[in-house]
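Below: the structure, in structure tokens.
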Amino acid sequence: MPDTSARTAAPESGTRPAPCLLRRALADVRSSRAPGLAPYVPERPFPWRGAGLPLSGNASRSGPGSRTGDRGGGRAAIDLDRVLRLSLAAPAGAPGRLRPVPSAGALHPVRAHLLIGPGCSLPPGRYAYDPRAHRAHRRGPAPDGVSPGVLVVLTVAASRTVAHYGHRAWPLLLLDTGHAAAALALAGPPAADVLVCLDADAALLSAAAGLPAAPGRPDTRPGAEPELPLAAVRLTPPGVTAEAPGTLTAWAGPIRAGTPSARPGTDTAAPTELAAARHLLHHIARAPELPGGTWHPAPRPGPVTDGALEKRRSAPPDDLTHPPGEDLLARLLTTARTARPDGPAWTAAVGGDAPALYVKAPGSRGLDVRASGDARPALARWAAGQQWIGGAGAVLLAHGCPGDAPAAAVRTCHLAAGYAAGAVQAHATALGLRSRPIGSWQRADLGAALGEAPGRDWIVHGLAVGAPPSPDGVAPDFVRHPPTAERPPAPKPPASTPPVATAPASTPRASRPLAPMPLAPMPPVTTPPAPTPLAPTPPVTTAPTPTAPAPTPPAAAATTPAAPATPPGEEERP
């Protein structure tokens, strides 16, 4: 395993943006202000010159890091055709918008630059990857003595996402990059050493990829959209020891790569909102104090196979209405929690007969209850009004990132949330579950809704998960283990009791409201602790006038919002 403690010399990267600028941008993203309407921005042609090379055209070679099982010199240890086909490629014969890796609005702003050493299915060199054609465009040679394997620098071209989502775009670009990093890491050869870095300095990443250090240089890149580097993935052949930050620095020598082809007549003046998003992403990705970044291993969940990666898709909301079982949900929460040690916390909201917010129970395979009650209707309002979320089987929530978090923490939290959600989505597919990412959240202060300090625990990302209908036609339900009858009964208010905010005396225990649905704290199933009184905190969002719910089970249609015929989400702007 490479030594991840080593760091490289810091290139000139400037300073961080003023904290007040980042705080204002975060507050604006999390506010209820809707993006303004903008004209549709078509996808630009692939900007790099030259004919694309097939990624499997040179699979047999000899050299360091190659397997030598035949007289022709052996087969490359890193098959780039397989890795990219299972991660970033648009499937042959399908629209380019529909790919295995999810993206907000199906816009796919993430680009991949392949820094290839020996032992791969392409000759060493610097390449740009075209996911529509599934081809690599050679941009320049590799440095002398570069380590075996491939280093993938992930960048974003922000214009289409900003045109679609406005001021809400820049966190979605970070989430999309995290999803792409997870897709690449999961597609790595099982025997390869896979490392992921989400905090390397943007200037070092730009230099390694052969890109300008600043996001806008229309004089040297006529008509080409600036690319903002945000993350990197390293695939190393088995038996090879290479220090990842040092490999990144080795590629960051003098730029000898090609430049994008000119697009005469293309307007290179960025609109104000696009320029602001580029400026913010460029500056929060600076890390001059640790330019080489921190590289973490990428564990692959056991059930995830190549077949699961090929079948992975964002499911339509109508396929997400059945809750997964507790065992499956616990496994997904474990994957989310362990995917990135530097990532946010994860909680699952479940409805049905046991509506609550659940967390993974430490030291066991089960779940603990963080708060009781059905949070999904509130989540639907917080997620840009996507009503189908109120009827989802389960919604996994990545949360954290305080409103005053420093730039490095904001970047890492969003990238790690996207990365973990990508790993969970692949795991869910392998378990036979359906899933759909939820990227846009407004006024979603989960901590404040649960009676904690406001502004400290915001929802950053979400993943709706549903089980397929059972063969006998009976809808599955979320079942707690041990069964409810075997645990101490929790006090239940009458069906006509209004929310706690308006009738605190009718609730026998202290409550933690998630506006407007009260969530009373419940003890964990295994060892019920004594109830701890909590100071009441007003809900984050303004609750509507409470009405008495009908005396029906929680999962009934009377209390579960129906999914609209054409819900917003990946295909439409909320």
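Residues in the structure tokens are named by chain (A, B, ... in the order shown) and by number from 1 within that chain; ligands are numbered from 1 in the order shown.
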Inset, instruction - Might you pull out every residue within 10 Å of A:Val83, with only C-alpha atoms counted and same-chain residues fewer than 2 positions away left off, and present them as a count of residues only? - result: 19
Against stretch 418-423 of chain A, which residues of stretch 26-142 of chain A fall within 12 Å? For each one I want the closest pair of atoms and the distance in Å (one decimal), counting only C-alpha atoms, rows by chain and increasing residue number, as a Markdown table.
```
| residue | atom | partner | partner_atom | distance |
| --- | --- | --- | --- | --- |
| A:Ser87 | CA | A:Gly422 | CA | 10.6 |
| A:Pro100 | CA | A:Gly422 | CA | 10.2 |
| A:Val101 | CA | A:Gly422 | CA | 7.8 |
| A:Pro102 | CA | A:Gly422 | CA | 8.1 |
| A:Ser103 | CA | A:Gly418 | CA | 10.0 |
| A:Ala104 | CA | A:Gly418 | CA | 11.1 |
```
Legend entry - Counting only C-alpha atoms, the residue of A:Pro54, A:Arg434, A:Ala409, A:Pro402 that sits nearest A:Arg456: A:Pro402
Legend entry - Computed interatomic separation between atom CA of A:Arg24 and atom CA of A:Val460 (Å): 16.3 Å
Legend entry - Atomic separation - atom CA of A:Arg44 relative to atom CA of A:Ala231, Å: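 Distance between the two atoms: 22.4 Å.
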Legend entry - From A:Arg33, A:Arg138, A:His414, A:Arg82, residue lying nearest A:Pro344 [only C-alpha atoms]: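 Ranking A:Arg33, A:Arg138, A:His414, A:Arg82 by distance to A:Pro344, first place goes to A:His414.
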Inset, instruction - For atom CA of A:His296 and atom CA of A:Val153, determine how far apart the two atoms are, in Å to one decimal place. - result: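 According to the coordinates, atom CA of A:His296 and atom CA of A:Val153 are separated by 15.3 Å.
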Legend entry - Spatial neighbours of A:Arg30, 7 Å, only C-alpha atoms, chain gap at least 5 places, as number ranges by chain: A: 441-443
Inset, instruction - Find the residues around A:Leu115 up to 7 Å (only C-alpha atoms counted), leave out those fewer than 3 positions away in its own chain, and share them as a list in words. - result: Gly125, Arg126, Tyr127, Val150, Leu151 and Val152 of chain A
So that each row is one residue of stretch 332-433 of chain A with an atom at most 9 Å from stretch 20-23 of chain A, can you give its shortest atom pair and the distance in Å to one decimal, using only C-alpha atoms, rows by chain and rising number, as a tab-separated table?
```
residue	atom	partner	partner_atom	distance
A:Gly403	CA	A:Arg23	CA	6.2
A:Asp404	CA	A:Arg23	CA	5.9
A:Ala405	CA	A:Arg23	CA	7.9
A:Pro406	CA	A:Leu22	CA	8.2
A:Ala407	CA	A:Leu22	CA	7.2
```
Legend entry - Using only C-alpha atoms: which of A:Pro19, A:Pro245, A:Pro324, A:Pro190 has the shortest distance to A:Pro291: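 Result for the nearest residue to A:Pro291: A:Pro245.
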